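J.: Following this message is one structure expressed as structure tokens.
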2 protein chains.
Amino acid sequence: MQESPESADADLVDAVLTGSRAMIAVAVRSLSGLAEDITLAQYRTLVVLASRGPQKLADLAACLGVTPPTAGRMCDRLARRELVGRHREEDDRRVVRISLTPAGRDIVDEATRQRRVYIAEILAGLPPARRREAAAGLRAFAEATGEVPDSEWPGV
Amino acid sequence: MQESPESADADLVDAVLTGSRAMIAVAVRSLSGLAEDITLAQYRTLVVLASRGPQKLADLAACLGVTPPTAGRMCDRLARRELVGRHREEDDRRVVRISLTPAGRDIVDEATRQRRVYIAEILAGLPPARRREAAAGLRAFAEATGEVPDSEWPGV
DNA sequence: GGGTATTAATTGCCTATAGCATTGATTGCA
DNA sequence: TGCAATCAATGCTATAGGCAATTAATACCC
């Protein structure tokens, strides 16, 4: 195996490709197992609010990598289901602050829990040695990738 | 580190979680780098046709995990851009067979190539030892997950 | 202080995706 | 032949995304 930077190890690339399929499938499954009927886009919105706290609409849109109108209408739908709240700011009456309701937070918690269960189940199917290996490998890969900006992160 | 099957190693679960974020981001980026302006759903359709050959509409819909009307309209749009062709079957004039055009195949090839470049770049940023470790870990994870049925595979 | 520029959100209009229910065409079978 | 099953297409609804234009509020400048 050479260290040729580009053509490096078609074999390794294949492994990553296969692994990524498996992992994406896990992420998607953890969403479809939810009680409430939540779309991926809606879930992403809730996750951003959960991890960053209440946001004004424009910032939320930037975090999600969508335009303000799109984010606004998303919040309309989520507010209709009482998963987020919208409040006009007092200091600057132009901005609207979007916040997670308890029901919204529950959904994020439940999805994360579900996801962890799936992953733990999969890892449990590996012999401990390979389990550690798998985790170390994934961690290495994640580090090499660097921080994924939220705007590029599909949120799953 | 215990072998407790379920609560197994919150640490490992975290690693997988982080790795999956990184990998999904790679998949998405490889799509947005395409020349033609292709949505994820459209790309999934092209991938199914590329890997399974021409399909009748109902089967294509099943592979994609969508309903026949959805698949049909997707093919309308792709056919309008000449990325797929639709042909009435002669034997059974009820069925419409969807096939990839050369232009459609080009898109699939280009996206795959792009994806491999991104992954190779990331792997190149790791010391060779960790590189092998990462690949082995992902492979192990993929094996433990088992085959992902196409209907559950988001196609990225 | 008053006018203007900027910023934030909203609204209108368009496309794409997805589902359900219905309809139309074709084929298979009794 | 006639009826049931199959396959695709259509009509309608909802979600999700974008751009352009509009409205409301604030900031800045003279």
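For the structure tokens, the naming scheme is as follows: chains receive sequential letters (A, B, ...) according to their order of presentation, residues are indexed from 1 within each chain, and ligands are indexed from 1 in presentation order.
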For the contact check between chain D and chain B, emit one row per residue of chain D within 10 Å, containing the shortest atom pair and the distance in Å rounded to one decimal, counting only C-alpha atoms (C1' of nucleotides), chain then rising number order, as a Markdown table.
T.:
```
| residue | atom | partner | partner_atom | distance |
| --- | --- | --- | --- | --- |
| D:DT6 | C1' | B:Arg94 | CA | 8.1 |
| D:DC7 | C1' | B:Arg94 | CA | 5.4 |
| D:DA8 | C1' | B:Arg94 | CA | 6.9 |
| D:DA9 | C1' | B:Pro69 | CA | 7.7 |
| D:DT10 | C1' | B:Pro69 | CA | 9.1 |
```
J.: Considering only alpha helix (DSSP H) as DSSP defines it on the backbone, what residues of stretch 25-153 of chain B qualify? List them as a PyMOL selection string.
T.: chain B and resi 25-32+40-52+57-64+68-80+102-124+128-145
J.: Taking only C-alpha atoms (C1' of nucleotides) into account, report as a count of residues only which residues of chain C lie within 8 Å of chain B.
T.: 6
J.: Would you kindly return, as a list in words, each protein, DNA or RNA residue with an atom no farther than 12 Å from any atom of B:Asp37, considering only C-alpha atoms (C1' of nucleotides) and excluding same-chain residues fewer than 4 positions away?
T.: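 The filter keeps Leu31, Ser32, Gly33, Ala41, Gln42, Tyr43, Leu78, Arg81, Leu83, Ile107 and Ala111 of chain B.
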J.: Can you write just those residues out, C-alpha atoms, as an mmCIF file, in the first residue's frame?
T.:
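What follows is the written file selection-v4.cif:
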```cif
data_model
loop_
_atom_site.group_PDB
_atom_site.id
_atom_site.type_symbol
_atom_site.label_atom_id
_atom_site.label_comp_id
_atom_site.auth_asym_id
_atom_site.auth_seq_id
_atom_site.Cartn_x
_atom_site.Cartn_y
_atom_site.Cartn_z
ATOM 1 C CA LEU B 31 -23.494 15.787 -4.947
ATOM 2 C CA SER B 32 -23.344 19.543 -4.770
ATOM 3 C CA GLY B 33 -20.090 19.505 -6.732
ATOM 4 C CA ALA B 41 -33.932 12.351 -5.043
ATOM 5 C CA GLN B 42 -33.077 12.558 -8.718
ATOM 6 C CA TYR B 43 -29.620 11.184 -8.067
ATOM 7 C CA LEU B 78 -35.673 13.310 -15.562
ATOM 8 C CA ARG B 81 -33.835 16.659 -19.035
ATOM 9 C CA LEU B 83 -31.352 11.735 -18.248
ATOM 10 C CA ILE B 107 -23.909 11.973 -13.896
ATOM 11 C CA ALA B 111 -20.763 11.795 -8.632
#
```
J.: Neighbouring residues of C:DT6 were defined as those with any atom within 12 Å, considering only C-alpha atoms (C1' of nucleotides); residues of the same chain fewer than 2 positions away were excluded. Please report them as a list of chain:residue names.
T.: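 Contacts, with the query itself left out: C:DT4, C:DA8, D:DA25, D:DT26, D:DA27, D:DC28.
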J.: Considering only C-alpha atoms (C1' of nucleotides), return as a list in words whatever protein or nucleic-acid residues lie within 12 Å of D:DC3, sequence-local ones (same chain, fewer than 4 positions apart) excluded.
T.: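 Everything that qualifies: DT27, DG28, DC29 and DA30 of chain C.
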J.: Within 12 Å of D:DA21, counting only C-alpha atoms (C1' of nucleotides), which residues show up once you throw out same-chain ones fewer than 6 positions away? Write them as a PyMOL selection string, please.
T.: chain C and resi 10-13
J.: Just to confirm, what's the straight-line distance from atom CA of A:Glu82 to atom CA of B:Gly65 in Å (one decimal)?
T.: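 Between atom CA of A:Glu82 and atom CA of B:Gly65 the gap is 29.5 Å.
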J.: What is the distance, in Å and to one decimal place, between atom CA of A:Tyr118 and atom CA of A:Leu34?
T.: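 Atom CA of A:Tyr118 sits 12.9 Å away from atom CA of A:Leu34.
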J.: May I ask for the distance between atom CA of A:Arg132 and atom CA of B:Glu133, given in Å to one decimal place?
T.: 10.3 Å
J.: Would you kindly return, as a PDB file with N, CA and C atoms, in the first residue's frame, each protein, DNA or RNA residue with an atom no farther than 8 Å from any atom of A:Val48, considering only C-alpha atoms (C1' of nucleotides) and excluding same-chain residues fewer than 3 positions away?
T.:
```pdb
ATOM      1  N   ARG A  44     -34.035  18.571  11.585  1.00  0.00           N
ATOM      2  CA  ARG A  44     -32.816  19.382  11.543  1.00  0.00           C
ATOM      3  C   ARG A  44     -33.046  20.701  12.258  1.00  0.00           C
ATOM      4  N   THR A  45     -34.186  21.325  11.989  1.00  0.00           N
ATOM      5  CA  THR A  45     -34.508  22.600  12.616  1.00  0.00           C
ATOM      6  C   THR A  45     -34.542  22.458  14.133  1.00  0.00           C
ATOM      7  N   SER A  51     -29.384  22.567  20.100  1.00  0.00           N
ATOM      8  CA  SER A  51     -27.960  22.654  20.385  1.00  0.00           C
ATOM      9  C   SER A  51     -27.476  24.087  20.521  1.00  0.00           C
ATOM     10  N   ARG A  52     -28.207  25.032  19.946  1.00  0.00           N
ATOM     11  CA  ARG A  52     -27.741  26.422  19.978  1.00  0.00           C
ATOM     12  C   ARG A  52     -28.643  27.349  20.755  1.00  0.00           C
ATOM     13  N   GLY A  53     -29.745  26.823  21.242  1.00  0.00           N
ATOM     14  CA  GLY A  53     -30.662  27.672  21.969  1.00  0.00           C
ATOM     15  C   GLY A  53     -31.490  28.506  21.018  1.00  0.00           C
ATOM     16  N   LEU A  60     -31.102  31.228  12.282  1.00  0.00           N
ATOM     17  CA  LEU A  60     -31.572  29.851  12.132  1.00  0.00           C
ATOM     18  C   LEU A  60     -31.458  29.422  10.677  1.00  0.00           C
ATOM     19  N   CYS A  63     -27.877  28.703   9.895  1.00  0.00           N
ATOM     20  CA  CYS A  63     -27.450  27.419  10.460  1.00  0.00           C
ATOM     21  C   CYS A  63     -27.939  26.257   9.616  1.00  0.00           C
ATOM     22  N   LEU A  64     -29.135  26.373   9.098  1.00  0.00           N
ATOM     23  CA  LEU A  64     -29.730  25.280   8.342  1.00  0.00           C
ATOM     24  C   LEU A  64     -29.256  25.289   6.891  1.00  0.00           C
TER      25      LEU A  64
END
```
J.: Write down as a list in words the residues of stretch 41-101 of chain A whose backbone DSSP state falls under strand (DSSP E or B).
T.: Gln55, Lys56, Val84, Gly85, Arg86, His87, Arg88, Val96, Arg97, Ile98, Ser99 and Leu100 of chain A
J.: Take the residues that were just selected and, keeping N, CA and C atoms, output them as an mmCIF file, in the first residue's frame.
T.:
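See result-v5.cif below for the written result:
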```cif
data_model
loop_
_atom_site.group_PDB
_atom_site.id
_atom_site.type_symbol
_atom_site.label_atom_id
_atom_site.label_comp_id
_atom_site.auth_asym_id
_atom_site.auth_seq_id
_atom_site.Cartn_x
_atom_site.Cartn_y
_atom_site.Cartn_z
ATOM 1 N N GLN A 55 -32.992 31.115 18.567
ATOM 2 C CA GLN A 55 -32.288 31.810 17.496
ATOM 3 C C GLN A 55 -33.241 32.781 16.819
ATOM 4 N N LYS A 56 -32.672 33.881 16.319
ATOM 5 C CA LYS A 56 -33.514 34.695 15.475
ATOM 6 C C LYS A 56 -33.588 34.044 14.103
ATOM 7 N N VAL A 84 -42.173 24.550 18.238
ATOM 8 C CA VAL A 84 -41.353 25.738 18.477
ATOM 9 C C VAL A 84 -42.287 26.907 18.800
ATOM 10 N N GLY A 85 -41.705 27.952 19.402
ATOM 11 C CA GLY A 85 -42.458 29.182 19.661
ATOM 12 C C GLY A 85 -41.787 30.335 18.936
ATOM 13 N N ARG A 86 -42.583 31.323 18.543
ATOM 14 C CA ARG A 86 -42.016 32.508 17.897
ATOM 15 C C ARG A 86 -42.374 33.722 18.743
ATOM 16 N N HIS A 87 -41.353 34.523 19.063
ATOM 17 C CA HIS A 87 -41.623 35.705 19.881
ATOM 18 C C HIS A 87 -40.923 36.919 19.299
ATOM 19 N N ARG A 88 -41.689 37.983 19.158
ATOM 20 C CA ARG A 88 -41.115 39.245 18.690
ATOM 21 C C ARG A 88 -40.181 39.775 19.772
ATOM 22 N N VAL A 96 -37.549 38.184 15.104
ATOM 23 C CA VAL A 96 -38.410 37.162 15.706
ATOM 24 C C VAL A 96 -37.496 36.086 16.261
ATOM 25 N N ARG A 97 -37.707 35.740 17.509
ATOM 26 C CA ARG A 97 -36.855 34.717 18.108
ATOM 27 C C ARG A 97 -37.608 33.391 18.144
ATOM 28 N N ILE A 98 -36.938 32.360 17.634
ATOM 29 C CA ILE A 98 -37.552 31.030 17.586
ATOM 30 C C ILE A 98 -36.974 30.189 18.719
ATOM 31 N N SER A 99 -37.842 29.555 19.475
ATOM 32 C CA SER A 99 -37.352 28.727 20.573
ATOM 33 C C SER A 99 -38.054 27.378 20.571
ATOM 34 N N LEU A 100 -37.377 26.409 21.150
ATOM 35 C CA LEU A 100 -37.906 25.059 21.230
ATOM 36 C C LEU A 100 -38.932 24.983 22.356
#
```
